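Asks: Got target_19.cif for you, mmCIF, C-alpha atoms and all ligand atoms:
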```cif
data_coords
#
loop_
_atom_site.label_atom_id
_atom_site.label_comp_id
_atom_site.auth_asym_id
_atom_site.auth_seq_id
_atom_site.Cartn_x
_atom_site.Cartn_y
_atom_site.Cartn_z
CA MET N 6 19.15 -5.11 -11.38
CA TRP N 7 18.45 -5.35 -7.64
CA ILE N 8 15.69 -4.17 -5.35
CA ASP N 9 16.45 -3.21 -1.74
CA VAL N 10 13.10 -4.04 -0.13
CA HIS N 11 13.91 -2.48 3.26
CA THR N 12 16.02 0.60 3.81
CA HIS N 13 15.77 3.88 5.73
CA ILE N 14 17.05 6.54 3.34
CA ASN N 15 15.91 9.33 5.66
CA MET N 16 18.25 8.00 8.38
CA LEU N 17 21.39 8.00 6.22
CA GLU N 18 22.17 11.65 7.01
CA ARG N 19 23.84 11.99 3.65
CA ASP N 20 23.02 13.77 0.45
CA GLU N 21 20.24 11.62 -0.97
CA GLN N 22 21.33 12.16 -4.59
CA SER N 23 24.78 10.72 -3.87
CA VAL N 24 23.17 7.75 -2.07
CA LEU N 25 20.98 7.10 -5.11
CA ALA N 26 23.88 7.52 -7.53
CA ALA N 27 26.00 5.00 -5.60
CA ALA N 28 23.08 2.58 -5.44
CA ARG N 29 22.40 2.77 -9.17
CA GLU N 30 26.10 2.40 -9.90
CA ALA N 31 25.94 -0.89 -7.95
CA GLY N 32 22.81 -1.98 -9.86
CA ILE N 33 20.24 -1.25 -7.17
CA GLU N 34 17.44 0.25 -9.22
CA ARG N 35 14.61 0.27 -6.69
CA MET N 36 14.58 0.96 -2.97
CA ILE N 37 11.71 0.77 -0.50
CA THR N 38 12.25 3.28 2.28
CA ILE N 39 10.48 2.20 5.45
CA GLY N 40 8.46 4.23 7.90
CA THR N 41 8.86 3.66 11.63
CA GLY N 42 6.51 6.20 13.16
CA ARG N 43 5.00 9.64 13.26
CA ASP N 44 8.36 11.40 13.00
CA ASP N 45 9.42 9.89 9.68
CA HIS N 46 6.09 9.26 7.93
CA PRO N 47 5.90 12.67 6.21
CA ARG N 48 9.53 12.26 5.08
CA VAL N 49 8.82 8.82 3.62
CA VAL N 50 5.80 10.15 1.70
CA ASP N 51 7.83 13.09 0.44
CA MET N 52 10.87 11.01 -0.59
CA ALA N 53 8.81 8.40 -2.40
CA GLU N 54 7.16 11.16 -4.41
CA ARG N 55 10.29 13.20 -5.04
CA LEU N 56 12.81 10.44 -5.75
CA LYS N 57 10.88 8.80 -8.60
CA PRO N 58 11.29 6.26 -10.04
CA TRP N 59 13.94 4.83 -7.69
CA VAL N 60 12.32 5.12 -4.28
CA PHE N 61 9.02 3.78 -2.94
CA GLY N 62 7.81 3.89 0.66
CA THR N 63 5.89 2.09 3.38
CA LEU N 64 4.10 3.49 6.43
CA GLY N 65 3.97 1.78 9.79
CA VAL N 66 4.69 2.21 13.47
CA HIS N 67 7.70 0.19 14.65
CA PRO N 68 7.32 -1.91 17.82
CA HIS N 69 9.86 0.39 19.53
CA GLU N 70 7.45 3.30 18.93
CA ALA N 71 4.27 1.37 19.77
CA LYS N 72 4.07 3.12 23.16
CA ASP N 73 3.57 6.44 21.34
CA TRP N 74 0.76 5.18 19.08
CA THR N 75 -2.24 7.50 18.83
CA GLU N 76 -5.31 7.60 16.61
CA GLN N 77 -3.52 10.37 14.69
CA ASP N 78 -1.03 7.80 13.38
CA GLU N 79 -3.87 5.76 11.95
CA VAL N 80 -5.44 8.88 10.44
CA TYR N 81 -2.17 9.76 8.71
CA MET N 82 -1.68 6.22 7.44
CA ARG N 83 -5.24 6.10 6.11
CA GLN N 84 -4.63 9.35 4.24
CA HIS N 85 -1.56 7.97 2.44
CA LEU N 86 -1.87 4.19 2.12
CA ARG N 87 -3.58 4.64 -1.24
CA ASP N 88 -0.75 6.82 -2.62
CA ASP N 89 0.81 5.35 -5.78
CA ARG N 90 4.25 5.37 -4.20
CA ILE N 91 3.31 3.82 -0.84
CA VAL N 92 3.60 0.10 -1.46
CA GLY N 93 3.00 -1.48 1.94
CA VAL N 94 2.46 -1.28 5.70
CA GLY N 95 5.64 -1.40 7.77
CA GLU N 96 7.60 -1.76 9.63
CA ILE N 97 5.33 -3.35 12.19
CA GLY N 98 5.75 -6.25 14.58
CA LEU N 99 7.18 -7.23 17.94
CA ASP N 100 10.58 -6.62 19.53
CA TYR N 101 11.03 -8.30 22.91
CA TYR N 102 14.82 -7.98 22.71
CA TYR N 103 14.83 -4.27 23.42
CA SER N 104 11.25 -4.08 24.77
CA HIS N 105 11.11 -0.31 24.33
CA SER N 106 7.32 -0.66 24.51
CA GLU N 107 5.26 -2.95 26.78
CA HIS N 108 4.59 -6.31 25.09
CA ASP N 109 0.81 -5.93 25.32
CA VAL N 110 1.02 -2.49 23.74
CA GLN N 111 3.23 -3.86 20.97
CA LYS N 112 0.72 -6.62 20.25
CA THR N 113 -2.22 -4.22 20.15
CA VAL N 114 -0.47 -1.83 17.76
CA PHE N 115 0.75 -4.73 15.58
CA ARG N 116 -2.83 -6.10 15.33
CA LYS N 117 -4.26 -2.65 14.48
CA GLN N 118 -1.80 -2.29 11.60
CA MET N 119 -2.34 -5.85 10.34
CA ALA N 120 -6.03 -4.92 10.17
CA LEU N 121 -5.15 -1.80 8.17
CA ALA N 122 -3.06 -3.87 5.75
CA ALA N 123 -5.99 -6.25 5.29
CA GLU N 124 -8.39 -3.36 4.71
CA PHE N 125 -6.13 -1.63 2.17
CA GLY N 126 -5.00 -4.87 0.52
CA LEU N 127 -1.33 -4.04 1.12
CA PRO N 128 1.59 -6.33 2.02
CA VAL N 129 3.31 -5.90 5.39
CA GLU N 130 6.98 -5.72 6.39
CA ILE N 131 7.27 -7.44 9.76
CA HIS N 132 10.02 -6.77 12.29
CA THR N 133 10.29 -9.57 14.83
CA ARG N 134 12.96 -10.15 17.44
CA ASP N 135 12.85 -12.57 20.39
CA ALA N 136 9.07 -12.74 19.91
CA GLU N 137 8.56 -15.72 17.60
CA THR N 138 5.56 -17.37 19.28
CA ASP N 139 3.51 -14.18 19.58
CA THR N 140 4.45 -13.09 16.04
CA VAL N 141 3.25 -16.38 14.56
CA GLU N 142 0.06 -16.23 16.65
CA ILE N 143 -0.81 -12.80 15.23
CA ILE N 144 0.15 -13.77 11.67
CA LYS N 145 -2.26 -16.71 11.98
CA GLU N 146 -5.11 -14.44 13.06
CA PHE N 147 -4.85 -12.71 9.69
CA ASP N 148 -4.32 -15.86 7.63
CA GLY N 149 -5.51 -15.42 4.07
CA ARG N 150 -6.11 -11.68 4.56
CA VAL N 151 -2.55 -10.33 4.88
CA ARG N 152 0.66 -11.25 3.05
CA GLY N 153 4.12 -9.84 3.41
CA LEU N 154 7.67 -10.51 4.39
CA LEU N 155 9.65 -11.10 7.56
CA HIS N 156 12.29 -8.40 7.33
CA CYS N 157 15.96 -8.71 8.35
CA PHE N 158 15.37 -12.35 9.15
CA THR N 159 17.52 -13.63 12.05
CA GLY N 160 15.03 -16.07 13.57
CA SER N 161 14.89 -19.81 13.98
CA GLN N 162 14.18 -22.46 11.35
CA TRP N 163 10.79 -22.84 13.05
CA LEU N 164 9.93 -19.18 12.46
CA ALA N 165 11.03 -19.38 8.82
CA ASP N 166 8.93 -22.51 8.28
CA GLN N 167 5.88 -20.96 9.98
CA GLY N 168 6.26 -17.74 7.99
CA LEU N 169 6.53 -19.63 4.70
CA ALA N 170 3.58 -21.88 5.59
CA HIS N 171 1.39 -18.84 6.24
CA GLY N 172 2.31 -17.14 2.97
CA TYR N 173 5.11 -14.84 4.12
CA ASN N 174 8.36 -14.35 2.24
CA ILE N 175 11.71 -13.98 3.99
CA SER N 176 14.02 -10.98 3.56
CA ILE N 177 17.75 -11.38 4.17
CA SER N 178 20.02 -8.55 5.31
CA GLY N 179 23.78 -8.11 5.65
CA VAL N 180 23.67 -10.22 8.83
CA VAL N 181 24.04 -13.27 6.55
CA THR N 182 27.60 -12.15 5.75
CA PHE N 183 28.66 -12.01 9.43
CA LYS N 184 31.14 -14.54 10.69
CA ASN N 185 28.87 -15.74 13.52
CA ALA N 186 25.78 -16.23 11.33
CA ASP N 187 26.06 -19.97 10.56
CA ALA N 188 22.55 -20.69 11.86
CA LEU N 189 21.09 -18.02 9.58
CA ARG N 190 23.05 -19.34 6.59
CA THR N 191 21.54 -22.78 7.20
CA VAL N 192 18.04 -21.27 7.26
CA VAL N 193 18.71 -19.37 4.02
CA LYS N 194 19.57 -22.62 2.25
CA SER N 195 16.09 -23.91 3.13
CA ILE N 196 14.14 -20.92 1.78
CA PRO N 197 12.74 -21.50 -1.73
CA LEU N 198 14.21 -19.12 -4.29
CA ASP N 199 10.74 -17.79 -5.15
CA ARG N 200 10.15 -16.66 -1.53
CA LEU N 201 13.38 -14.70 -0.93
CA HIS N 202 14.09 -10.98 -0.76
CA LEU N 203 17.25 -8.96 -0.15
CA GLU N 204 17.51 -5.80 1.93
CA THR N 205 20.11 -3.58 3.55
CA ASP N 206 18.11 -2.13 6.49
CA ALA N 207 20.54 0.78 5.97
CA PRO N 208 21.96 2.64 7.84
CA PHE N 209 22.13 -0.42 10.14
CA LEU N 210 23.92 -3.78 9.74
CA ALA N 211 26.43 -3.09 6.97
CA PRO N 212 27.54 -6.38 5.38
CA VAL N 213 31.12 -7.65 5.31
CA PRO N 214 33.45 -6.09 4.03
CA HIS N 215 31.87 -2.84 5.27
CA ARG N 216 30.89 -4.14 8.70
CA GLY N 217 30.97 -1.40 11.32
CA LYS N 218 30.50 1.35 8.76
CA LYS N 219 27.25 3.11 8.04
CA ASN N 220 25.26 0.89 5.67
CA GLU N 221 23.69 2.12 2.41
CA PRO N 222 21.67 0.55 -0.42
CA ALA N 223 24.75 0.16 -2.66
CA PHE N 224 26.09 -2.47 -0.23
CA LEU N 225 23.24 -4.85 -1.10
CA VAL N 226 25.52 -6.56 -3.63
CA HIS N 227 27.70 -8.06 -0.87
CA THR N 228 24.68 -9.71 0.71
CA ALA N 229 23.55 -10.88 -2.72
CA GLN N 230 26.92 -12.55 -3.34
CA VAL N 231 26.68 -14.62 -0.14
CA VAL N 232 23.03 -15.57 -0.71
CA ALA N 233 23.76 -16.65 -4.30
CA GLU N 234 26.51 -18.97 -3.03
CA LEU N 235 24.21 -20.43 -0.34
CA LYS N 236 21.45 -21.03 -2.89
CA THR N 237 23.98 -22.30 -5.46
CA VAL N 238 22.59 -20.05 -8.17
CA THR N 239 24.31 -17.47 -10.34
CA ILE N 240 24.19 -13.86 -9.30
CA ASP N 241 22.00 -13.15 -12.37
CA ASP N 242 19.54 -15.86 -11.42
CA LEU N 243 19.31 -14.47 -7.90
CA ALA N 244 18.73 -10.96 -9.24
CA ARG N 245 15.98 -12.19 -11.54
CA ALA N 246 14.27 -14.25 -8.83
CA THR N 247 14.35 -11.59 -6.11
CA ASN N 248 13.14 -9.01 -8.61
CA GLU N 249 10.15 -11.12 -9.60
CA ASN N 250 9.41 -11.86 -5.94
CA ALA N 251 9.37 -8.17 -5.06
CA HIS N 252 7.06 -7.35 -7.95
CA ARG N 253 4.75 -10.21 -7.08
CA LEU N 254 4.47 -9.08 -3.44
CA PHE N 255 4.41 -5.29 -3.90
CA ALA N 256 1.75 -4.69 -6.54
CA LYS N 257 2.44 -0.94 -6.80
CA LEU N 258 6.18 -1.39 -7.43
CA ASN N 259 7.16 -0.61 -11.01
ZN ZN N 301 13.32 -3.71 11.72
ZN ZN N 302 14.13 -1.21 9.41
#
```
Output the file's structure as structure tokens, nothing else.
Ligand SMILES: [Zn+2]
Ligand SMILES: [Zn+2]
Replies:
Amino acid sequence: MWIDVHTHINMLERDEQSVLAAAREAGIERMITIGTGRDDHPRVVDMAERLKPWVFGTLGVHPHEAKDWTEQDEVYMRQHLRDDRIVGVGEIGLDYYYSHSEHDVQKTVFRKQMALAAEFGLPVEIHTRDAETDTVEIIKEFDGRVRGLLHCFTGSQWLADQGLAHGYNISISGVVTFKNADALRTVVKSIPLDRLHLETDAPFLAPVPHRGKKNEPAFLVHTAQVVAELKTVTIDDLARATNENAHRLFAKLN
């Protein structure tokens, strides 16, 4: 069985029962649906509760939404971070590719949420794009107090090495199946099997052979196939390893 550690089920705009049925048919037995801000937090909380036992959730304000951060977001997160079905803080981080929010604002909101993760003893799901130096700097500030994963990893070998050195796992999305992703495939080969996760980031980034279509958790298997080949392990060994990794990182996952 597989675990999709980063997906956005509320963004699929499809009947959630048919999404779940297709996922389970493909062997994806657990999905973590990720919060991005005030607008989807109540939906994440509701889905994680309603779609038991398949779906868990995280709460966090995405760097794109950092400009809209208010104390109310923190109040809401504090109310729900102890819920049984809310397994982490995310997605949080820095995105200097789109820069929808000022960089200083992104850093402030990232730090606030890293502090929340430390306080609540929860792992984080970090989104980082074109912001490697600042991301590593902030990760270091919370060394030993926060663990987590770098989601939808597309960074450099340096970022992967820094993340691993500071206790972060690396999560691989469908990008690894893209024709132009040789650099990422080289990085994947270097990641220890006990530090790897798989995700879809659905509805974004559908893997080959579904590239260009709307992604969904069931498509995780195509990413798994490519990662198993890169790691020269059987598909069963990869399933077992990524499963154990997810359970080790997300204590509330069951
Ligand atoms: Zn992201
Ligand atoms: Zn995401």
Asks: Please write out the residues within 7 Å of ligand ZN 302 (chain N) as a PDB file with C-alpha atoms, in the coordinates of the input, counting only C-alpha atoms and all ligand atoms.
Replies:
```pdb
ATOM      1  CA  HIS N  11      13.910  -2.480   3.260  1.00  0.00           C
ATOM      2  CA  THR N  12      16.020   0.600   3.810  1.00  0.00           C
ATOM      3  CA  HIS N  13      15.770   3.880   5.730  1.00  0.00           C
ATOM      4  CA  ILE N  39      10.480   2.200   5.450  1.00  0.00           C
ATOM      5  CA  GLU N  96       7.600  -1.760   9.630  1.00  0.00           C
ATOM      6  CA  ASP N 206      18.110  -2.130   6.490  1.00  0.00           C
TER       7      ASP N 206
END
```
Asks: If you measure from CA of Ala165 in chain N to CA of Asp187 in chain N, what distance in Å do you get, rounded to one decimal?
Replies: 15.1 Å
Asks: From the options N:Leu155, N:Leu121, N:Ile91, N:Leu127, which residue's atoms come nearest to ligand ZN 301 (chain N), counting only C-alpha atoms and all ligand atoms?
Replies: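 The shortest atom-to-atom distance to ligand ZN 301 (chain N) comes from N:Leu155.
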Asks: Just want the 6 Å neighbourhood of range 132-140 of chain N, counted on all atoms listed in the file, with same-chain residues fewer than 2 positions away dropped. Output as a list of chain:residue names.
Replies: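 Selected residues are N:Ile97, N:Gly98, N:Leu99, N:Asp100, N:Tyr101, N:Tyr102, N:Glu142, N:Ile143, N:His156.
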Asks: Would you output that residue set with C-alpha atoms, as a PDB file, in the frame of the given file?
Replies:
```pdb
ATOM      1  CA  ILE N  97       5.330  -3.350  12.190  1.00  0.00           C
ATOM      2  CA  GLY N  98       5.750  -6.250  14.580  1.00  0.00           C
ATOM      3  CA  LEU N  99       7.180  -7.230  17.940  1.00  0.00           C
ATOM      4  CA  ASP N 100      10.580  -6.620  19.530  1.00  0.00           C
ATOM      5  CA  TYR N 101      11.030  -8.300  22.910  1.00  0.00           C
ATOM      6  CA  TYR N 102      14.820  -7.980  22.710  1.00  0.00           C
ATOM      7  CA  GLU N 142       0.060 -16.230  16.650  1.00  0.00           C
ATOM      8  CA  ILE N 143      -0.810 -12.800  15.230  1.00  0.00           C
ATOM      9  CA  HIS N 156      12.290  -8.400   7.330  1.00  0.00           C
TER      10      HIS N 156
END
```
Asks: Counting all atoms listed in the file, note down every residue that has an atom within 12 Å of the point (0.5, -3.8, 8.9) (file coordinates), as a ChimeraX atom specification.
Replies: /N:40-41,63-68,79,82-83,86,92-99,112-132,143-144,147,150-155
Asks: Using only C-alpha atoms and all ligand atoms, find the one residue out of N:Met52, N:Ala28, N:Leu210, N:Val192 that sits nearest to ligand ZN 301 (chain N).
Replies: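 Smallest distance to ligand ZN 301 (chain N) is found for N:Leu210.
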Asks: Pick from N:Ser176, N:Gln84, N:Asn250, N:Thr75: nearest to Asp199 in chain N, with all atoms listed in the file counted?
Replies: N:Asn250
Asks: Need the shell around Gln230 in chain N: protein/DNA/RNA residues with any atom at most 9 Å away, counting only C-alpha atoms. Skip same-chain ones fewer than 4 positions apart. Format as a ChimeraX atom specification?
Replies: /N:225-226,234-235,239-240
Asks: Quick one: pull the distance between CA of Arg29 in chain N and CA of Val60 in chain N, Å, one decimal.
Replies: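 Those two atoms sit 11.4 Å apart.
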Asks: Please provide as an MDAnalysis selection string all residues within 9 Å of Phe224 in chain N, with the sequence filter that same-chain residues fewer than 3 positions apart are discarded (counting all atoms listed in the file).
Replies: chainID N and resid 28 31 179 205 207 211:212 215 220:221 227:228
Asks: Could you pull the residues within 8 Å of range 241-247 of chain N, counting all atoms listed in the file, minus those fewer than 4 positions along the same chain, as a ChimeraX atom specification?
Replies: /N:6-8,198-199,201-203,229,233,251
Asks: So the first atom is CA of Trp59 in chain N and the second is CA of Arg200 in chain N; what is the distance between them in Å, to one decimal place?
Replies: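 So the two atoms, CA of Trp59 in chain N and CA of Arg200 in chain N, lie 22.7 Å apart.
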Asks: Would you mind telling me which residue in N:Glu30, N:Glu204, N:Glu21, N:Asp51 lies nearest to ligand ZN 301 (chain N) when using only C-alpha atoms and all ligand atoms?
Replies: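 Of N:Glu30, N:Glu204, N:Glu21, N:Asp51, the one nearest ligand ZN 301 (chain N), counting only C-alpha atoms and all ligand atoms, is N:Glu204.
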Asks: From the list N:Arg90, N:Arg216, N:His69, N:Lys184, which residue is nearest ligand ZN 301 (chain N) when using all atoms listed in the file?
Replies: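 The shortest atom-to-atom distance to ligand ZN 301 (chain N) comes from N:His69.
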Asks: Which residue, N:Gln167, N:Ser23, N:Thr38, N:Ser161, has the smallest gap to Asp9 in chain N when you use only C-alpha atoms?
Replies: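 Using only C-alpha atoms, the shortest distance to Asp9 in chain N belongs to N:Thr38.
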Asks: Output, as AutoDock Vina command-line options, the centre and edge lengths in Å (one decimal) of the axis-aligned box that contains all listed atoms of range 204-216 of chain N with 6 Å of margin on each side.
Replies:
```
--center_x 25.5 --center_y -2.5 --center_z 6.0 --size_x 27.9 --size_y 22.3 --size_z 20.2
```
